[in-house]
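File shown here: data.cif, holding mmCIF, C-alpha atoms.
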data_entry
#
loop_
_atom_site.label_atom_id
_atom_site.label_comp_id
_atom_site.auth_asym_id
_atom_site.auth_seq_id
_atom_site.Cartn_x
_atom_site.Cartn_y
_atom_site.Cartn_z
CA MET A 256 0.00 0.00 0.00
CA GLU A 257 1.24 3.46 -0.85
CA LYS A 258 1.54 5.95 1.99
CA LEU A 259 -0.82 8.95 2.09
CA ILE A 260 0.58 12.13 3.67
CA THR A 261 -2.20 13.79 5.68
CA GLN A 262 -0.55 16.38 7.92
CA PRO A 263 1.25 19.66 7.10
CA GLY A 264 4.86 20.04 8.16
CA PRO A 265 8.42 20.56 6.95
CA LEU A 266 9.88 18.52 4.11
CA LEU A 267 13.20 18.04 5.93
CA GLN A 268 14.12 17.44 9.56
CA PRO A 269 16.85 19.57 11.19
CA ASP A 270 19.41 16.85 10.34
CA GLY A 271 18.51 17.01 6.64
CA LYS A 272 16.60 13.72 6.50
CA LEU A 273 13.12 13.57 5.05
CA ALA A 274 10.39 14.15 7.63
CA THR A 275 8.00 11.92 5.69
CA VAL A 276 7.62 10.08 2.38
CA GLY A 277 4.59 9.28 0.24
CA TRP A 278 1.99 11.28 -1.65
CA SER A 279 -0.95 13.59 -1.07
CA PRO A 280 -3.67 15.15 -3.26
CA PHE A 281 -2.87 18.61 -1.90
CA PRO A 282 0.42 20.41 -1.12
CA LEU A 283 1.08 20.07 2.61
CA LEU A 284 4.85 20.34 3.12
CA ASP A 285 7.18 23.33 3.38
CA SER A 286 10.13 23.11 0.98
CA ASN A 287 12.79 23.91 3.59
CA LEU A 288 15.72 23.05 1.33
CA GLU A 289 18.04 25.08 3.55
CA LYS A 290 18.05 22.01 5.85
CA ALA A 291 19.42 19.71 3.13
CA ASN A 292 22.46 17.76 4.37
CA PHE A 293 24.21 15.43 1.94
CA TYR A 294 27.80 16.78 1.57
CA LYS A 295 30.48 17.11 4.22
CA LEU A 296 31.58 20.29 2.45
CA LYS A 297 28.45 22.30 3.15
CA PHE A 298 29.32 25.15 0.79
CA LEU A 299 29.04 22.75 -2.18
CA GLN A 300 25.47 21.70 -1.38
CA PRO A 301 23.70 24.59 -3.18
CA LEU A 302 25.40 23.50 -6.41
CA ARG A 303 23.50 20.18 -6.32
CA LEU A 304 20.04 21.48 -5.37
CA LYS A 305 17.55 21.36 -8.26
CA ARG A 306 14.52 23.62 -8.49
CA TRP A 307 12.20 24.24 -11.43
CA ASP A 308 8.76 25.44 -12.46
CA TYR A 309 7.67 23.92 -15.81
CA TYR A 310 4.35 25.12 -17.22
CA GLY A 311 2.66 23.57 -20.22
CA LEU A 312 -0.40 24.66 -22.16
CA THR A 313 -2.32 22.25 -24.39
CA THR A 314 -4.57 23.87 -27.01
CA LYS A 315 -6.45 22.23 -29.86
CA THR A 316 -3.58 22.97 -32.26
CA HIS A 317 -0.41 23.52 -30.18
CA TYR A 318 1.48 22.73 -27.01
CA PHE A 319 3.40 25.64 -25.45
CA SER A 320 5.87 25.22 -22.61
CA PHE A 321 7.67 27.74 -20.38
CA THR A 322 10.30 26.86 -17.77
CA VAL A 323 12.41 28.68 -15.20
CA SER A 324 14.92 26.43 -13.45
CA ASP A 325 17.90 26.60 -11.14
CA ILE A 326 19.94 23.38 -11.13
CA GLY A 327 22.59 24.76 -8.78
CA TYR A 328 25.53 25.58 -10.99
CA LEU A 329 23.35 26.66 -13.91
CA GLY A 330 20.07 28.39 -14.60
CA MET A 331 18.07 27.07 -17.55
CA ILE A 332 15.32 29.22 -19.04
CA PHE A 333 13.54 27.66 -21.99
CA ALA A 334 10.38 27.71 -24.03
CA TYR A 335 9.11 25.56 -26.87
CA ALA A 336 6.11 25.22 -29.12
CA ILE A 337 4.69 22.08 -30.75
CA ASP A 338 2.44 22.35 -33.82
CA PHE A 339 0.18 19.28 -33.79
CA GLU A 340 -1.02 19.55 -37.38
CA LYS A 341 2.36 20.20 -39.00
CA LYS A 342 4.14 17.93 -36.48
CA VAL A 343 7.00 20.37 -36.02
CA MET A 344 8.49 22.11 -33.00
CA TYR A 345 10.74 25.00 -32.12
CA GLU A 346 12.70 25.59 -28.90
CA GLU A 347 14.94 28.27 -27.41
CA THR A 348 17.10 28.02 -24.28
CA VAL A 349 19.06 30.54 -22.25
CA ALA A 350 21.74 29.14 -19.89
CA ILE A 351 22.92 31.31 -16.98
CA PRO A 352 26.08 30.34 -15.05
CA PHE A 353 25.30 29.75 -11.37
CA ALA A 354 21.69 30.80 -12.06
CA ALA A 355 22.53 34.48 -11.59
CA GLY A 356 19.31 36.50 -11.60
CA VAL A 357 17.03 33.45 -11.38
CA LYS A 358 14.41 33.63 -8.65
CA ILE A 359 12.51 30.49 -7.62
CA ALA A 360 9.46 30.40 -5.35
CA ARG A 361 9.89 28.45 -2.11
CA ASN A 362 6.58 26.55 -2.28
CA SER A 363 4.03 25.69 -4.95
CA PRO A 364 0.87 27.39 -3.53
CA ASP A 365 2.32 30.92 -3.55
CA GLY A 366 5.32 33.04 -4.49
CA VAL A 367 7.14 34.37 -7.54
CA THR A 368 9.44 32.55 -9.97
CA GLU A 369 11.13 34.78 -12.54
CA PHE A 370 14.07 35.67 -14.76
CA GLU A 371 14.75 38.61 -17.04
CA ASN A 372 17.59 39.72 -19.30
CA LYS A 373 17.77 41.64 -22.59
CA LYS A 374 16.34 38.72 -24.58
CA VAL A 375 13.74 37.07 -22.38
CA ARG A 376 11.41 37.81 -19.50
CA MET A 377 9.54 35.08 -17.66
CA ARG A 378 7.51 35.75 -14.54
CA PHE A 379 5.28 33.21 -12.79
CA THR A 380 3.21 34.65 -9.95
CA THR A 381 1.09 32.50 -7.64
CA GLN A 382 -1.36 33.85 -5.10
CA ALA A 383 -4.40 32.16 -3.58
CA GLU A 384 -6.24 30.33 -6.42
CA GLN A 385 -4.67 32.26 -9.30
CA ARG A 386 -1.45 31.78 -11.25
CA LYS A 387 -0.24 34.38 -13.74
CA LEU A 388 2.34 33.71 -16.44
CA SER A 389 3.96 36.62 -18.27
CA ILE A 390 6.40 35.71 -21.07
CA ALA A 391 8.23 37.94 -23.55
CA TRP A 392 10.95 36.31 -25.70
CA LYS A 393 12.51 38.46 -28.42
CA ASN A 394 13.26 36.94 -31.83
CA PHE A 395 12.01 33.57 -30.71
CA GLU A 396 11.47 32.09 -34.19
CA ASP A 397 11.71 33.46 -37.73
CA GLY A 398 12.56 36.87 -36.29
CA LYS A 399 9.22 37.03 -34.49
CA ASP A 400 8.72 37.41 -30.75
CA LEU A 401 6.98 34.96 -28.44
CA ASN A 402 4.61 36.66 -26.01
CA ALA A 403 2.10 35.23 -23.57
CA GLU A 404 -0.11 36.58 -20.82
CA LEU A 405 -2.00 33.77 -19.10
CA GLU A 406 -4.14 33.37 -16.00
CA LEU A 407 -4.47 29.85 -14.61
CA ASN A 408 -7.28 29.52 -12.09
CA LEU A 409 -6.76 26.63 -9.69
CA PRO A 410 -9.69 26.09 -7.30
CA GLU A 411 -8.66 25.10 -3.79
CA LYS A 412 -10.47 21.75 -4.17
CA HIS A 413 -8.59 20.85 -7.40
CA GLU A 414 -6.41 17.85 -6.56
CA SER A 415 -2.86 17.23 -7.76
CA MET A 416 -0.06 14.69 -7.37
CA ASN A 417 2.25 15.75 -4.53
CA LEU A 418 5.12 13.34 -4.05
CA VAL A 419 8.08 12.85 -1.70
CA ILE A 420 10.52 10.14 -2.80
CA PRO A 421 13.77 9.26 -0.99
CA ILE A 422 16.96 8.73 -2.97
CA GLU A 423 20.00 7.06 -1.41
CA ASN A 424 22.64 9.12 0.45
CA ASN A 425 20.14 11.68 1.78
CA ARG A 426 19.00 12.69 -1.70
CA PHE A 427 15.31 13.18 -2.41
CA TYR A 428 12.66 14.24 -4.93
CA PHE A 429 9.87 16.65 -3.91
CA ASN A 430 7.35 17.22 -6.67
CA ARG A 431 3.92 18.57 -7.50
CA LYS A 432 2.19 17.74 -10.77
CA ILE A 433 -1.02 19.63 -11.61
CA ASN A 434 -3.11 18.72 -14.65
CA CYS A 435 -6.08 20.34 -16.39
CA ILE A 436 -5.77 23.89 -15.02
CA PRO A 437 -8.44 26.21 -16.54
CA THR A 438 -6.57 28.95 -18.41
CA ARG A 439 -7.38 32.32 -19.99
CA GLY A 440 -5.29 34.83 -21.92
CA PHE A 441 -3.32 34.76 -25.13
CA VAL A 442 -0.14 33.45 -26.76
CA GLU A 443 1.50 35.29 -29.66
CA TYR A 444 3.68 32.97 -31.73
CA LYS A 445 5.08 33.31 -35.27
CA GLY A 446 2.92 36.36 -35.89
CA ASN A 447 -0.29 34.59 -34.85
CA ARG A 448 -2.32 35.36 -31.76
CA PHE A 449 -3.97 32.42 -29.99
CA GLU A 450 -6.86 33.34 -27.71
CA ILE A 451 -6.90 31.03 -24.72
CA SER A 452 -10.01 30.06 -22.75
CA PRO A 453 -10.86 27.08 -20.52
CA ASN A 454 -12.99 25.45 -23.20
CA ASN A 455 -10.12 25.27 -25.72
CA ALA A 456 -6.97 24.99 -23.61
CA LEU A 457 -5.74 23.55 -20.30
CA GLY A 458 -2.56 24.24 -18.37
CA ASN A 459 -0.31 21.88 -16.45
CA LEU A 460 2.53 22.37 -13.97
CA ASP A 461 5.57 20.25 -13.12
CA TRP A 462 6.96 21.78 -9.93
CA GLY A 463 10.17 20.04 -8.86
CA ARG A 464 12.58 20.43 -5.96
CA GLY A 465 15.27 18.10 -4.69
CA VAL A 466 18.69 16.53 -4.85
CA TRP A 467 19.13 13.73 -7.34
CA ALA A 468 21.86 11.15 -7.78
CA TYR A 469 24.51 12.50 -10.15
CA ASP A 470 23.63 9.84 -12.74
CA SER A 471 19.83 9.77 -13.07
CA PHE A 472 17.13 8.29 -15.28
CA TRP A 473 13.37 8.69 -15.38
CA VAL A 474 10.25 8.27 -17.49
CA TRP A 475 7.35 10.71 -17.28
CA ALA A 476 4.04 10.70 -19.14
CA SER A 477 1.32 13.34 -18.98
CA ALA A 478 -1.77 14.73 -20.70
CA SER A 479 -4.47 17.33 -20.01
CA GLY A 480 -7.64 17.34 -22.09
CA PHE A 481 -11.30 16.47 -22.26
CA THR A 482 -13.42 13.32 -22.34
CA GLU A 483 -16.14 12.86 -24.97
CA ASP A 484 -18.69 14.32 -22.53
CA GLN A 485 -16.41 17.33 -21.93
CA ARG A 486 -15.14 16.47 -18.46
CA THR A 487 -11.49 17.34 -17.89
CA ILE A 488 -9.14 14.35 -17.86
CA GLY A 489 -5.49 14.39 -16.89
CA LEU A 490 -2.81 11.70 -16.92
CA ASN A 491 0.34 11.58 -14.80
CA MET A 492 2.58 8.52 -14.82
CA GLY A 493 6.25 7.79 -14.30
CA PHE A 494 9.08 5.77 -12.82
CA GLY A 495 12.84 5.56 -12.63
CA PHE A 496 14.25 7.58 -9.73
CA GLY A 497 14.64 6.82 -6.06
CA ASP A 498 12.74 4.48 -3.76
CA MET A 499 9.09 4.39 -4.85
CA SER A 500 7.95 1.80 -2.30
CA ALA A 501 6.01 4.47 -0.37
CA SER A 502 4.45 5.91 -3.50
CA ALA A 503 4.81 6.33 -7.24
CA GLU A 504 3.29 9.21 -9.21
CA ASN A 505 0.82 7.19 -11.28
CA ALA A 506 -2.70 8.61 -11.39
CA PHE A 507 -5.41 10.02 -13.60
CA ILE A 508 -7.31 13.17 -12.71
CA LEU A 509 -11.00 13.40 -13.61
CA ASP A 510 -12.70 16.78 -13.13
CA GLY A 511 -10.01 17.76 -10.62
CA LYS A 512 -10.18 14.54 -8.60
CA VAL A 513 -7.12 12.27 -8.33
CA HIS A 514 -7.66 8.55 -8.93
CA LYS A 515 -4.49 6.85 -7.74
CA ILE A 516 -3.02 3.93 -9.69
CA GLU A 517 -0.53 1.44 -8.26
CA ASN A 518 1.79 -1.09 -9.92
CA LEU A 519 1.85 0.41 -13.39
CA LYS A 520 3.92 -1.18 -16.15
CA PHE A 521 5.37 0.74 -19.09
CA GLN A 522 6.34 -0.95 -22.34
CA TYR A 523 8.15 0.93 -25.10
CA ASN A 524 11.07 0.54 -27.49
CA SER A 525 14.04 2.67 -26.38
CA GLN A 526 15.67 1.97 -29.76
CA ASP A 527 12.68 3.40 -31.61
CA PHE A 528 10.66 5.81 -29.49
CA MET A 529 8.18 6.38 -32.34
CA GLN A 530 6.77 2.90 -31.83
CA PRO A 531 3.58 2.75 -29.71
CA TRP A 532 3.96 2.76 -25.92
CA THR A 533 1.67 0.86 -23.56
CA MET A 534 0.84 1.64 -19.94
CA THR A 535 -1.07 -1.04 -18.03
CA SER A 536 -1.80 -1.31 -14.32
CA GLU A 537 -1.76 -4.65 -12.56
CA ASP A 538 -5.44 -4.28 -11.60
CA LYS A 539 -6.37 -3.22 -15.19
CA ARG A 540 -7.83 0.10 -13.97
CA LEU A 541 -5.54 1.84 -16.44
CA GLN A 542 -4.98 0.40 -19.92
CA LEU A 543 -3.56 2.86 -22.43
CA ILE A 544 -1.80 2.88 -25.77
CA PHE A 545 0.24 5.96 -26.59
CA THR A 546 1.00 6.53 -30.29
CA PRO A 547 3.69 9.18 -30.87
CA PHE A 548 3.67 11.59 -33.79
CA LEU A 549 6.69 13.77 -32.89
CA ASP A 550 10.00 13.29 -31.07
CA ARG A 551 11.26 16.35 -29.18
CA HIS A 552 14.86 15.23 -28.76
CA ALA A 553 16.87 17.66 -26.64
CA ARG A 554 20.48 16.80 -25.81
CA THR A 555 23.11 18.77 -23.91
CA ASP A 556 26.50 17.10 -23.45
CA ALA A 557 29.08 19.15 -21.55
CA LYS A 558 30.94 16.03 -20.31
CA VAL A 559 30.34 16.59 -16.58
CA LEU A 560 26.81 17.73 -17.42
CA LEU A 561 24.50 15.62 -19.58
CA SER A 562 20.82 15.93 -20.39
CA ASP A 563 19.36 13.65 -23.03
CA VAL A 564 15.57 13.59 -23.34
CA HIS A 565 13.20 12.10 -25.89
CA GLN A 566 9.87 13.77 -25.18
CA MET A 567 7.38 12.10 -27.46
CA PHE A 568 4.16 13.91 -28.35
CA GLY A 569 1.28 11.75 -29.44
CA LYS A 570 -2.21 10.46 -28.69
CA TYR A 571 -3.51 8.30 -25.83
CA SER A 572 -6.35 5.82 -26.28
CA GLY A 573 -7.72 3.20 -23.90
CA THR A 574 -9.75 2.89 -20.71
CA LEU A 575 -9.59 4.16 -17.14
CA ILE A 576 -11.65 2.93 -14.18
CA THR A 577 -12.41 5.43 -11.41
CA ASN A 578 -12.37 4.79 -7.67
CA ASP A 579 -16.17 4.35 -7.93
CA GLY A 580 -15.95 1.80 -10.72
CA GLU A 581 -16.93 4.04 -13.65
CA THR A 582 -15.19 3.21 -16.93
CA ILE A 583 -13.82 6.21 -18.80
CA LYS A 584 -12.96 5.75 -22.47
CA ILE A 585 -10.01 7.74 -23.83
CA GLN A 586 -9.71 8.35 -27.56
CA ASP A 587 -6.91 10.34 -29.21
CA LEU A 588 -6.09 12.41 -26.10
CA ILE A 589 -3.02 14.48 -26.99
CA GLY A 590 -0.17 14.35 -24.49
CA PHE A 591 3.43 13.27 -24.15
CA ALA A 592 5.69 10.55 -22.76
CA GLU A 593 9.41 11.00 -22.22
CA GLU A 594 12.58 9.13 -21.34
CA HIS A 595 15.32 11.26 -19.76
CA HIS A 596 18.93 10.47 -18.90
CA ALA A 597 20.86 13.03 -16.87
CA ARG A 598 24.26 13.51 -15.26
CA TRP A 599 23.82 16.56 -13.08
#
Before anything else, please render the file you have as structure tokens.
Amino acid sequence: MEKLITQPGPLLQPDGKLATVGWSPFPLLDSNLEKANFYKLKFLQPLRLKRWDYYGLTTKTHYFSFTVSDIGYLGMIFAYAIDFEKKVMYEETVAIPFAAGVKIARNSPDGVTEFENKKVRMRFTTQAEQRKLSIAWKNFEDGKDLNAELELNLPEKHESMNLVIPIENNRFYFNRKINCIPTRGFVEYKGNRFEISPNNALGNLDWGRGVWAYDSFWVWASASGFTEDQRTIGLNMGFGFGDMSASAENAFILDGKVHKIENLKFQYNSQDFMQPWTMTSEDKRLQLIFTPFLDRHARTDAKVLLSDVHQMFGKYSGTLITNDGETIKIQDLIGFAEEHHARW
């Protein structure tokens, strides 16, 4: 049985060990990373702390993503756009030594994450039930700017996957994944303006904090969309890092309610990521086939630093069974599934 976290408290004890492990449908823990304790040389610890806010927006025609991250010795600011019809993508990244000028919010329910230089401005503001994204990226593609002003309204009752996973040698992964966030605003991309409203677009957030093993590997799969009867449906699945005996991140989210899935098996061809993937739970409550149509392959190899990700965009089809026994049919739900290798 996976462990459910039910009480608020700190993430880390005074000695740097995790105060608890497991998952919860709401954010309960304070990200007190200043208590982290995994190196004898304390001054080196900040260089191994990883913090990021990754926002995605799924529309009927595109996927837009905006990220501000601080991985200790480097800040990574990036944005990308996926065109579903043309099956093409474009991505820009700004790397900042020692994350100078990068500001990261302490916790997921409130605060400001931002970065700005002469080329790009990203500001993510969270307060109460509202999240605001403001993005301005000069000469993003074809000499045209990327601009976005978005409001993501997250009702207090909207559930999410909040996860604490231990990793050996006092490392850990603290994460919140939110799917199907109602969103309003606009995105300007390649000279086109996309009007965003909750009936044609949904936001998602991957909020990560922690200290990973230097050599890491993980798989993550996600989607935010609508069922045939226009209920919101989100997917969040993954494996590959740390000790998941207390909890894994596998779940689907129907109309803002998490339905937890245990013992999920992935099958895919790591020699040909464009082949269909399958995700099947032991109890058959989740049975999905994911058919990719685009490979977002992003690789950075700086010898001591490596990031190699195949983020596959495609369509999910299959069945889900809720906690109450209702069968939900999924047909051509656009989302992604990725395999990521990192030395960081």
Option closest in space to A:His595, from A:Asp484, A:Arg439, A:Trp473, A:Met567 [counting all atoms listed in the file]
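Closest residue, counting all atoms listed in the file: A:Trp473.
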Written as a PyMOL selection string, which residues does the PyMOL selection byres ((chain A and resi 549) around 12) give for the file shown?
chain A and resi 318+337-345+528-531+545-548+550-552+565-570+589-593
Take the residues from that selection and write them out as a PDB file, in the coordinates of the input, keeping C-alpha atoms.
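Saved file selection_2.pdb follows:
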ATOM      1  CA  TYR A 318       1.480  22.730 -27.010  1.00  0.00           C
ATOM      2  CA  ILE A 337       4.690  22.080 -30.750  1.00  0.00           C
ATOM      3  CA  ASP A 338       2.440  22.350 -33.820  1.00  0.00           C
ATOM      4  CA  PHE A 339       0.180  19.280 -33.790  1.00  0.00           C
ATOM      5  CA  GLU A 340      -1.020  19.550 -37.380  1.00  0.00           C
ATOM      6  CA  LYS A 341       2.360  20.200 -39.000  1.00  0.00           C
ATOM      7  CA  LYS A 342       4.140  17.930 -36.480  1.00  0.00           C
ATOM      8  CA  VAL A 343       7.000  20.370 -36.020  1.00  0.00           C
ATOM      9  CA  MET A 344       8.490  22.110 -33.000  1.00  0.00           C
ATOM     10  CA  TYR A 345      10.740  25.000 -32.120  1.00  0.00           C
ATOM     11  CA  PHE A 528      10.660   5.810 -29.490  1.00  0.00           C
ATOM     12  CA  MET A 529       8.180   6.380 -32.340  1.00  0.00           C
ATOM     13  CA  GLN A 530       6.770   2.900 -31.830  1.00  0.00           C
ATOM     14  CA  PRO A 531       3.580   2.750 -29.710  1.00  0.00           C
ATOM     15  CA  PHE A 545       0.240   5.960 -26.590  1.00  0.00           C
ATOM     16  CA  THR A 546       1.000   6.530 -30.290  1.00  0.00           C
ATOM     17  CA  PRO A 547       3.690   9.180 -30.870  1.00  0.00           C
ATOM     18  CA  PHE A 548       3.670  11.590 -33.790  1.00  0.00           C
ATOM     19  CA  ASP A 550      10.000  13.290 -31.070  1.00  0.00           C
ATOM     20  CA  ARG A 551      11.260  16.350 -29.180  1.00  0.00           C
ATOM     21  CA  HIS A 552      14.860  15.230 -28.760  1.00  0.00           C
ATOM     22  CA  HIS A 565      13.200  12.100 -25.890  1.00  0.00           C
ATOM     23  CA  GLN A 566       9.870  13.770 -25.180  1.00  0.00           C
ATOM     24  CA  MET A 567       7.380  12.100 -27.460  1.00  0.00           C
ATOM     25  CA  PHE A 568       4.160  13.910 -28.350  1.00  0.00           C
ATOM     26  CA  GLY A 569       1.280  11.750 -29.440  1.00  0.00           C
ATOM     27  CA  LYS A 570      -2.210  10.460 -28.690  1.00  0.00           C
ATOM     28  CA  ILE A 589      -3.020  14.480 -26.990  1.00  0.00           C
ATOM     29  CA  GLY A 590      -0.170  14.350 -24.490  1.00  0.00           C
ATOM     30  CA  PHE A 591       3.430  13.270 -24.150  1.00  0.00           C
ATOM     31  CA  ALA A 592       5.690  10.550 -22.760  1.00  0.00           C
ATOM     32  CA  GLU A 593       9.410  11.000 -22.220  1.00  0.00           C
TER      33      GLU A 593
END
Minimum-distance residue to A:Thr535, chosen among A:Thr574, A:Gln268, A:Thr322, A:Thr555 (using only C-alpha atoms)
A:Thr574
Within 9 Å of (9.6, 25.9, -20.9), in the coordinates the file gives, what residues turn up when you count only C-alpha atoms, written out as an MDAnalysis selection string?
chainID A and resid 308:311 319:323 332:336 346:348
Using only C-alpha atoms, find each residue of stretch 431-530 of chain A with at least one atom at most 10 Å away from an atom of stretch 272-276 of chain A; report its shortest atom-to-atom pair and that distance in Å (one decimal), sort the rows by chain and rising residue number, and return the result as JSON lines.
{"residue": "A:Asp498", "atom": "CA", "partner": "A:Val276", "partner_atom": "CA", "distance": 9.8}
{"residue": "A:Met499", "atom": "CA", "partner": "A:Val276", "partner_atom": "CA", "distance": 9.3}
{"residue": "A:Ser500", "atom": "CA", "partner": "A:Val276", "partner_atom": "CA", "distance": 9.5}
{"residue": "A:Ala501", "atom": "CA", "partner": "A:Val276", "partner_atom": "CA", "distance": 6.5}
{"residue": "A:Ser502", "atom": "CA", "partner": "A:Val276", "partner_atom": "CA", "distance": 7.9}
Which residues would end up in the selection if the PyMOL selection byres ((chain A and resi 474-482) around 8) were applied here, given that I need the answer as a PyMOL selection string?
chain A and resi 313+434-435+456-459+472-473+483-495+583-585+588-595
Pick the closest to A:Thr438 from A:Ala468, A:Ile544, A:Ala383, A:Leu409: which is it, counting all atoms listed in the file?
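The answer is A:Leu409, which sits nearest to A:Thr438.
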List as a short mmCIF file (atom, residue, chain, number, x, y, z; two decimals) with C-alpha atoms, in the coordinates of the input the protein and nucleic acid residues near stretch 386-394 of chain A, meaning an atom at most 8 Å away when all atoms listed in the file are counted, but skip any in the same chain fewer than 4 places from it.
data_model
loop_
_atom_site.label_atom_id
_atom_site.label_comp_id
_atom_site.auth_asym_id
_atom_site.auth_seq_id
_atom_site.Cartn_x
_atom_site.Cartn_y
_atom_site.Cartn_z
CA LYS A 374 16.34 38.72 -24.58
CA VAL A 375 13.74 37.07 -22.38
CA ARG A 376 11.41 37.81 -19.50
CA MET A 377 9.54 35.08 -17.66
CA ARG A 378 7.51 35.75 -14.54
CA PHE A 379 5.28 33.21 -12.79
CA THR A 380 3.21 34.65 -9.95
CA THR A 381 1.09 32.50 -7.64
CA GLN A 382 -1.36 33.85 -5.10
CA GLY A 398 12.56 36.87 -36.29
CA LYS A 399 9.22 37.03 -34.49
CA ASP A 400 8.72 37.41 -30.75
CA LEU A 401 6.98 34.96 -28.44
CA ASN A 402 4.61 36.66 -26.01
CA ALA A 403 2.10 35.23 -23.57
CA GLU A 404 -0.11 36.58 -20.82
CA LEU A 405 -2.00 33.77 -19.10
CA GLU A 406 -4.14 33.37 -16.00
CA LEU A 407 -4.47 29.85 -14.61
CA ASN A 408 -7.28 29.52 -12.09
CA LEU A 409 -6.76 26.63 -9.69
#
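Atom to atom, atom CA of A:Val349 and atom CA of A:Gly327 stand 15.1 Å apart.
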Hey, what comes out of the PyMOL selection byres ((chain A and resi 415-430) around 6) on this file? Could you write it as number ranges by chain?
A: 276-280, 293, 414, 431-433, 462-467, 497-498
Which polymer residues have any atom within 6 Å of an atom of A:Gly330, counting all atoms listed in the file, with same-chain residues fewer than 5 positions away left out, as a PDB file with C-alpha atoms, in the coordinates of the input?
ATOM      1  CA  SER A 324      14.920  26.430 -13.450  1.00  0.00           C
ATOM      2  CA  ASP A 325      17.900  26.600 -11.140  1.00  0.00           C
ATOM      3  CA  ALA A 350      21.740  29.140 -19.890  1.00  0.00           C
ATOM      4  CA  ILE A 351      22.920  31.310 -16.980  1.00  0.00           C
ATOM      5  CA  ALA A 354      21.690  30.800 -12.060  1.00  0.00           C
TER       6      ALA A 354
END
Excluding A:Ser562 and residues on its chain fewer than 4 positions from it, collect all residues at most 12 Å away from it, counting all atoms listed in the file, and give them as a list in words.
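Answer for this query is Ile326, Met331, Tyr469, Asp470, Ser471, Phe472, Trp473, His552, Ala553, Arg554, Thr555, Asp556, Ala557, Lys558, Glu594, His595, His596, Ala597, Arg598 and Trp599 of chain A.
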